[in-house]
Amino acid sequence: MEQPADHKKQICVFLWATPRSVSTAFTKCMSFVPGIQIWHEPYYYCHRNETSMKIIESFNSEKKVAEMKNDTAKVMDETTKGQMSDNELFRFPWVKNQLETDDMDKDIVFVKDIAFLLHGRYEFLPSSRKFRHTFLIRDPRRVYPSLRKLLLPHIPVEYQTTFDIRMFPLYDAPEIFRRTYELWKNVQEHFDHDAFIIDAGDLTAHPEVMLPKYFEAIGVPYEDSYLTWDKAPDITTQWKTSFEAFTAANEGLTHMPATSSSCFRVLDKDPRPSVEMTDDVIKCVEESMPYYNAMYEQRVKP
């Protein structure tokens, strides 16, 4: 049985992110802090398990899913499982229990997850263990084109010409920023009044400024060496996450650029012109900008 660390000294942190916000690269950066245990998107994998059948039904894609599972099985045979857990364990009550009771021997527990999917599920946030809550956001005019580009190859070919990102069950795309905003407000009211907000554009343009501020906010000593890290993805085997789902995402290139990163690469902060966006993306951006702007105004600035 694990020996508990001094509870007063143990630091527990949530990084709540929007999709496509360099959050996995940020997580890899944090992986090299001594005494840390990383949890990578445990709530996301619960949500994914609940919605997988909806995705299959939406695109009548049983054949494609079967092909993906077959490809993933081959990769898993050659992949080190490490600290990862079987995918079927990832249910919301299980994750809450793990985050409340596990890793007592660690100095730091760092949980990175996707903010919007906690909508209607706040009861599954850990309550018997104090967490610092932080948020990583990115301009919707960059998030949605990137998200659509990421998802499109996974859609059966016959649906790609009419694909509407708003209809993809896993993301409920128009609601991403509203629900992120609502989680932020809930956290401020019930868990962490001073929830820290960082913008991905600021982080990648000024990591030497923003990273020390982040470390100060979560109470972890900062070292300049954290600005760069080992490019090899081996450290990710020490993350607590879904073995099957994470392996599939890495093999499918969703996470590969981040898990093979060695530093923060500057993101383009200029908003993409609407003439370069599809109608579904434009609608998502229009609905999201007020919520993003409200959080952006409260971010910690360089």
# chains A, B, ... in the order shown; residues from 1 in each chain; ligands from 1

$ residues_around --residues "segment 227-240 of chain A" --least-positions-apart "5" --cutoff "9 Å" --atoms "only C-alpha atoms" --output "MDAnalysis selection string"
chainID A and resid 28:29 31:32 37:42 79:85 207:208 211 256 258:264

$ write_last_selection --atoms "N, CA, C and O atoms" --output "compact mmCIF listing (two decimals), in the first residue's frame"
# COMPACT_ATOMS: atom_id res chain seq x y z
N LYS A 28 3.67 17.10 -21.43
CA LYS A 28 4.98 16.47 -21.54
C LYS A 28 6.04 17.32 -20.84
O LYS A 28 6.92 16.78 -20.16
N CYS A 29 5.95 18.61 -20.98
CA CYS A 29 6.86 19.51 -20.27
C CYS A 29 6.80 19.25 -18.77
O CYS A 29 7.83 19.11 -18.10
N SER A 31 5.99 16.63 -17.26
CA SER A 31 6.39 15.27 -16.92
C SER A 31 7.80 15.18 -16.34
O SER A 31 8.14 14.21 -15.66
N PHE A 32 8.63 16.20 -16.62
CA PHE A 32 10.03 16.15 -16.20
C PHE A 32 10.26 16.86 -14.86
O PHE A 32 11.41 17.01 -14.42
N GLN A 37 3.22 12.92 -10.72
CA GLN A 37 2.45 11.89 -11.39
C GLN A 37 1.49 12.57 -12.35
O GLN A 37 0.69 13.42 -11.95
N ILE A 38 1.58 12.20 -13.61
CA ILE A 38 0.72 12.77 -14.66
C ILE A 38 -0.50 11.88 -14.88
O ILE A 38 -0.39 10.67 -15.02
N TRP A 39 -1.66 12.52 -14.93
CA TRP A 39 -2.88 11.89 -15.43
C TRP A 39 -3.23 12.60 -16.74
O TRP A 39 -3.39 13.83 -16.76
N HIS A 40 -3.33 11.82 -17.81
CA HIS A 40 -3.61 12.42 -19.12
C HIS A 40 -5.05 12.12 -19.54
O HIS A 40 -5.40 10.99 -19.87
N GLU A 41 -5.90 13.14 -19.48
CA GLU A 41 -7.27 13.12 -20.00
C GLU A 41 -8.13 11.95 -19.48
O GLU A 41 -8.83 11.30 -20.26
N PRO A 42 -8.12 11.69 -18.19
CA PRO A 42 -8.95 10.58 -17.69
C PRO A 42 -10.44 10.80 -17.91
O PRO A 42 -11.17 9.86 -18.25
N THR A 79 3.95 -1.84 -27.81
CA THR A 79 4.02 -0.63 -26.99
C THR A 79 4.10 -0.99 -25.51
O THR A 79 3.38 -1.87 -25.03
N THR A 80 4.95 -0.30 -24.78
CA THR A 80 5.07 -0.49 -23.34
C THR A 80 3.86 0.11 -22.64
O THR A 80 3.53 1.28 -22.85
N LYS A 81 3.21 -0.68 -21.80
CA LYS A 81 2.00 -0.21 -21.12
C LYS A 81 2.33 0.75 -19.98
O LYS A 81 1.61 1.73 -19.75
N GLY A 82 3.40 0.47 -19.28
CA GLY A 82 3.82 1.37 -18.20
C GLY A 82 2.74 1.57 -17.16
O GLY A 82 2.15 0.63 -16.66
N GLN A 83 2.41 2.84 -16.86
CA GLN A 83 1.43 3.19 -15.83
C GLN A 83 0.01 3.25 -16.39
O GLN A 83 -0.94 3.53 -15.65
N MET A 84 -0.15 3.02 -17.68
CA MET A 84 -1.47 3.15 -18.30
C MET A 84 -2.40 2.02 -17.87
O MET A 84 -1.96 0.94 -17.50
N SER A 85 -3.71 2.30 -17.92
CA SER A 85 -4.72 1.34 -17.48
C SER A 85 -5.59 0.90 -18.65
O SER A 85 -5.67 1.58 -19.68
N PRO A 207 7.38 31.45 -23.59
CA PRO A 207 7.44 30.39 -22.57
C PRO A 207 8.37 30.75 -21.42
O PRO A 207 8.13 30.33 -20.28
N GLU A 208 9.43 31.51 -21.70
CA GLU A 208 10.39 31.87 -20.65
C GLU A 208 9.77 32.82 -19.63
O GLU A 208 10.29 32.97 -18.51
N LEU A 211 5.90 30.27 -18.32
CA LEU A 211 6.10 29.04 -17.56
C LEU A 211 6.48 29.33 -16.10
O LEU A 211 5.91 28.71 -15.18
N MET A 256 0.97 12.53 -31.61
CA MET A 256 2.37 12.31 -31.97
C MET A 256 3.22 13.58 -31.99
O MET A 256 4.34 13.59 -31.46
N ALA A 258 2.97 16.22 -30.27
CA ALA A 258 3.18 16.68 -28.89
C ALA A 258 4.04 15.72 -28.11
O ALA A 258 4.95 16.13 -27.37
N THR A 259 3.78 14.41 -28.25
CA THR A 259 4.55 13.44 -27.47
C THR A 259 5.98 13.32 -27.98
O THR A 259 6.85 12.80 -27.28
N SER A 260 6.24 13.82 -29.19
CA SER A 260 7.60 13.83 -29.73
C SER A 260 8.22 15.23 -29.69
O SER A 260 9.26 15.47 -30.30
N SER A 261 7.57 16.14 -28.99
CA SER A 261 8.07 17.52 -28.92
C SER A 261 9.25 17.61 -27.96
O SER A 261 9.49 16.73 -27.14
N SER A 262 9.99 18.72 -28.06
CA SER A 262 11.10 18.97 -27.15
C SER A 262 11.11 20.41 -26.62
O SER A 262 11.98 20.78 -25.85
N CYS A 263 10.12 21.21 -27.06
CA CYS A 263 9.99 22.58 -26.59
C CYS A 263 8.64 23.11 -27.08
O CYS A 263 7.93 22.42 -27.81
N PHE A 264 8.30 24.33 -26.66
CA PHE A 264 7.08 24.96 -27.16
C PHE A 264 7.38 25.66 -28.49
O PHE A 264 8.31 26.46 -28.57

$ select_by_dssp --residues "segment 32-184 of chain A" --states "strand (DSSP E)" --output "VMD selection string"
chain A and resid 36 to 40 108 to 114 132 to 137

$ write_last_selection --atoms "N, CA, C and O atoms" --output "PDB file, in the first residue's frame"
ATOM      1  N   ILE A  36       6.532  14.000  -9.751  1.00  0.00           N
ATOM      2  CA  ILE A  36       5.209  14.264 -10.296  1.00  0.00           C
ATOM      3  C   ILE A  36       4.559  12.991 -10.829  1.00  0.00           C
ATOM      4  O   ILE A  36       5.252  12.075 -11.296  1.00  0.00           O
ATOM      5  N   GLN A  37       3.221  12.919 -10.720  1.00  0.00           N
ATOM      6  CA  GLN A  37       2.450  11.885 -11.394  1.00  0.00           C
ATOM      7  C   GLN A  37       1.487  12.568 -12.353  1.00  0.00           C
ATOM      8  O   GLN A  37       0.694  13.419 -11.952  1.00  0.00           O
ATOM      9  N   ILE A  38       1.579  12.199 -13.614  1.00  0.00           N
ATOM     10  CA  ILE A  38       0.725  12.771 -14.657  1.00  0.00           C
ATOM     11  C   ILE A  38      -0.498  11.884 -14.881  1.00  0.00           C
ATOM     12  O   ILE A  38      -0.387  10.669 -15.016  1.00  0.00           O
ATOM     13  N   TRP A  39      -1.664  12.520 -14.927  1.00  0.00           N
ATOM     14  CA  TRP A  39      -2.882  11.891 -15.434  1.00  0.00           C
ATOM     15  C   TRP A  39      -3.234  12.596 -16.743  1.00  0.00           C
ATOM     16  O   TRP A  39      -3.393  13.826 -16.763  1.00  0.00           O
ATOM     17  N   HIS A  40      -3.329  11.822 -17.815  1.00  0.00           N
ATOM     18  CA  HIS A  40      -3.611  12.415 -19.124  1.00  0.00           C
ATOM     19  C   HIS A  40      -5.049  12.124 -19.544  1.00  0.00           C
ATOM     20  O   HIS A  40      -5.402  10.994 -19.872  1.00  0.00           O
ATOM     21  N   ILE A 108       3.605  15.711  -6.388  1.00  0.00           N
ATOM     22  CA  ILE A 108       2.712  16.500  -7.243  1.00  0.00           C
ATOM     23  C   ILE A 108       1.828  15.536  -8.039  1.00  0.00           C
ATOM     24  O   ILE A 108       2.320  14.539  -8.576  1.00  0.00           O
ATOM     25  N   VAL A 109       0.541  15.851  -8.113  1.00  0.00           N
ATOM     26  CA  VAL A 109      -0.377  15.142  -8.995  1.00  0.00           C
ATOM     27  C   VAL A 109      -0.886  16.164 -10.014  1.00  0.00           C
ATOM     28  O   VAL A 109      -1.467  17.189  -9.622  1.00  0.00           O
ATOM     29  N   PHE A 110      -0.648  15.897 -11.290  1.00  0.00           N
ATOM     30  CA  PHE A 110      -0.997  16.841 -12.358  1.00  0.00           C
ATOM     31  C   PHE A 110      -1.960  16.151 -13.315  1.00  0.00           C
ATOM     32  O   PHE A 110      -1.617  15.144 -13.934  1.00  0.00           O
ATOM     33  N   VAL A 111      -3.173  16.698 -13.419  1.00  0.00           N
ATOM     34  CA  VAL A 111      -4.220  16.100 -14.249  1.00  0.00           C
ATOM     35  C   VAL A 111      -4.540  17.046 -15.389  1.00  0.00           C
ATOM     36  O   VAL A 111      -5.036  18.158 -15.165  1.00  0.00           O
ATOM     37  N   LYS A 112      -4.262  16.605 -16.610  1.00  0.00           N
ATOM     38  CA  LYS A 112      -4.637  17.397 -17.788  1.00  0.00           C
ATOM     39  C   LYS A 112      -5.884  16.804 -18.411  1.00  0.00           C
ATOM     40  O   LYS A 112      -5.952  15.603 -18.653  1.00  0.00           O
ATOM     41  N   ASP A 113      -6.878  17.664 -18.668  1.00  0.00           N
ATOM     42  CA  ASP A 113      -8.095  17.157 -19.284  1.00  0.00           C
ATOM     43  C   ASP A 113      -8.759  18.252 -20.118  1.00  0.00           C
ATOM     44  O   ASP A 113      -8.349  19.415 -20.095  1.00  0.00           O
ATOM     45  N   ILE A 114      -9.811  17.829 -20.849  1.00  0.00           N
ATOM     46  CA  ILE A 114     -10.540  18.720 -21.738  1.00  0.00           C
ATOM     47  C   ILE A 114     -11.732  19.283 -20.970  1.00  0.00           C
ATOM     48  O   ILE A 114     -12.596  18.531 -20.503  1.00  0.00           O
ATOM     49  N   ARG A 132      -5.577  22.581  -7.181  1.00  0.00           N
ATOM     50  CA  ARG A 132      -5.449  23.904  -7.801  1.00  0.00           C
ATOM     51  C   ARG A 132      -5.980  23.747  -9.224  1.00  0.00           C
ATOM     52  O   ARG A 132      -5.610  22.798  -9.931  1.00  0.00           O
ATOM     53  N   HIS A 133      -6.836  24.669  -9.663  1.00  0.00           N
ATOM     54  CA  HIS A 133      -7.425  24.580 -10.995  1.00  0.00           C
ATOM     55  C   HIS A 133      -6.832  25.644 -11.913  1.00  0.00           C
ATOM     56  O   HIS A 133      -6.811  26.841 -11.572  1.00  0.00           O
ATOM     57  N   THR A 134      -6.336  25.203 -13.065  1.00  0.00           N
ATOM     58  CA  THR A 134      -5.758  26.114 -14.049  1.00  0.00           C
ATOM     59  C   THR A 134      -6.396  25.823 -15.399  1.00  0.00           C
ATOM     60  O   THR A 134      -6.870  24.716 -15.661  1.00  0.00           O
ATOM     61  N   PHE A 135      -6.404  26.843 -16.274  1.00  0.00           N
ATOM     62  CA  PHE A 135      -7.067  26.727 -17.572  1.00  0.00           C
ATOM     63  C   PHE A 135      -6.121  27.164 -18.690  1.00  0.00           C
ATOM     64  O   PHE A 135      -5.413  28.166 -18.555  1.00  0.00           O
ATOM     65  N   LEU A 136      -6.150  26.408 -19.778  1.00  0.00           N
ATOM     66  CA  LEU A 136      -5.370  26.721 -20.971  1.00  0.00           C
ATOM     67  C   LEU A 136      -6.344  26.912 -22.120  1.00  0.00           C
ATOM     68  O   LEU A 136      -7.066  25.982 -22.497  1.00  0.00           O
ATOM     69  N   ILE A 137      -6.385  28.112 -22.687  1.00  0.00           N
ATOM     70  CA  ILE A 137      -7.335  28.437 -23.745  1.00  0.00           C
ATOM     71  C   ILE A 137      -6.584  28.846 -25.011  1.00  0.00           C
ATOM     72  O   ILE A 137      -5.378  29.132 -24.979  1.00  0.00           O
TER      73      ILE A 137
END

$ select_by_dssp --residues "segment 117-231 of chain A" --states "alpha helix (DSSP H)" --output "ChimeraX atom specification"
/A:140-151,157-160,176-190,200-205,207-218

$ residues_around --residues "segment 279-284 of chain A" --least-positions-apart "2" --cutoff "7 Å" --atoms "only C-alpha atoms" --output "PyMOL selection string"
chain A and resi 144-145+164-166+173-174+274+277+286-288

$ write_last_selection --atoms "C-alpha atoms" --output "JSON list (two decimals), in the first residue's frame"
[["chain", "number", "residue", "atom", "x", "y", "z"],
["A", 144, "TYR", "CA", -11.94, 25.11, -34.84],
["A", 145, "PRO", "CA", -10.08, 25.02, -38.18],
["A", 164, "ASP", "CA", -20.22, 19.28, -40.35],
["A", 165, "ILE", "CA", -18.07, 19.56, -37.22],
["A", 166, "ARG", "CA", -21.18, 20.50, -35.21],
["A", 173, "ALA", "CA", -18.26, 21.61, -31.05],
["A", 174, "PRO", "CA", -20.43, 24.75, -30.71],
["A", 274, "SER", "CA", -13.43, 33.79, -42.28],
["A", 277, "MET", "CA", -13.21, 28.80, -42.97],
["A", 286, "GLU", "CA", -19.25, 33.11, -33.71],
["A", 287, "GLU", "CA", -20.86, 31.28, -30.79],
["A", 288, "SER", "CA", -17.55, 30.85, -28.97]]

$ closest_residue --among "A:His47, A:Lys130, A:Arg20, A:His255" --to "Lys149 of chain A" --atoms "only C-alpha atoms"
A:Arg20

$ closest_residue --among "A:Ala17, A:Met30, A:Leu151, A:Val22" --to "Ser225 of chain A" --atoms "only C-alpha atoms"
A:Met30

$ closest_residue --among "A:Val285, A:Val220, A:Ala200, A:Cys46" --to "Phe124 of chain A" --atoms "only C-alpha atoms"
A:Cys46

$ residues_around --residues "Tyr181 of chain A" --least-positions-apart "5" --cutoff "8 Å" --atoms "only C-alpha atoms" --output "list in words"
Tyr291, Tyr292 and Met295 of chain A

$ atom_distance --atom1 "atom CA of Ala205 of chain A" --atom2 "atom CA of Ser146 of chain A"
18.5 Å

$ residues_around --residues "segment 89-92 of chain A" --least-positions-apart "2" --cutoff "12 Å" --atoms "only C-alpha atoms" --output "ChimeraX atom specification"
/A:40-51,84-87,94-99,117-118,120-126,240-245

$ closest_residue --among "A:Arg142, A:Met104, A:Arg148, A:Thr27" --to "Arg272 of chain A" --atoms "only C-alpha atoms"
A:Arg142

$ atom_distance --atom1 "atom CA of Val33 of chain A" --atom2 "atom CA of Val209 of chain A"
17.7 Å

$ closest_residue --among "A:Met210, A:Leu152, A:Ala294, A:Ile11" --to "Asp105 of chain A" --atoms "only C-alpha atoms"
A:Ile11
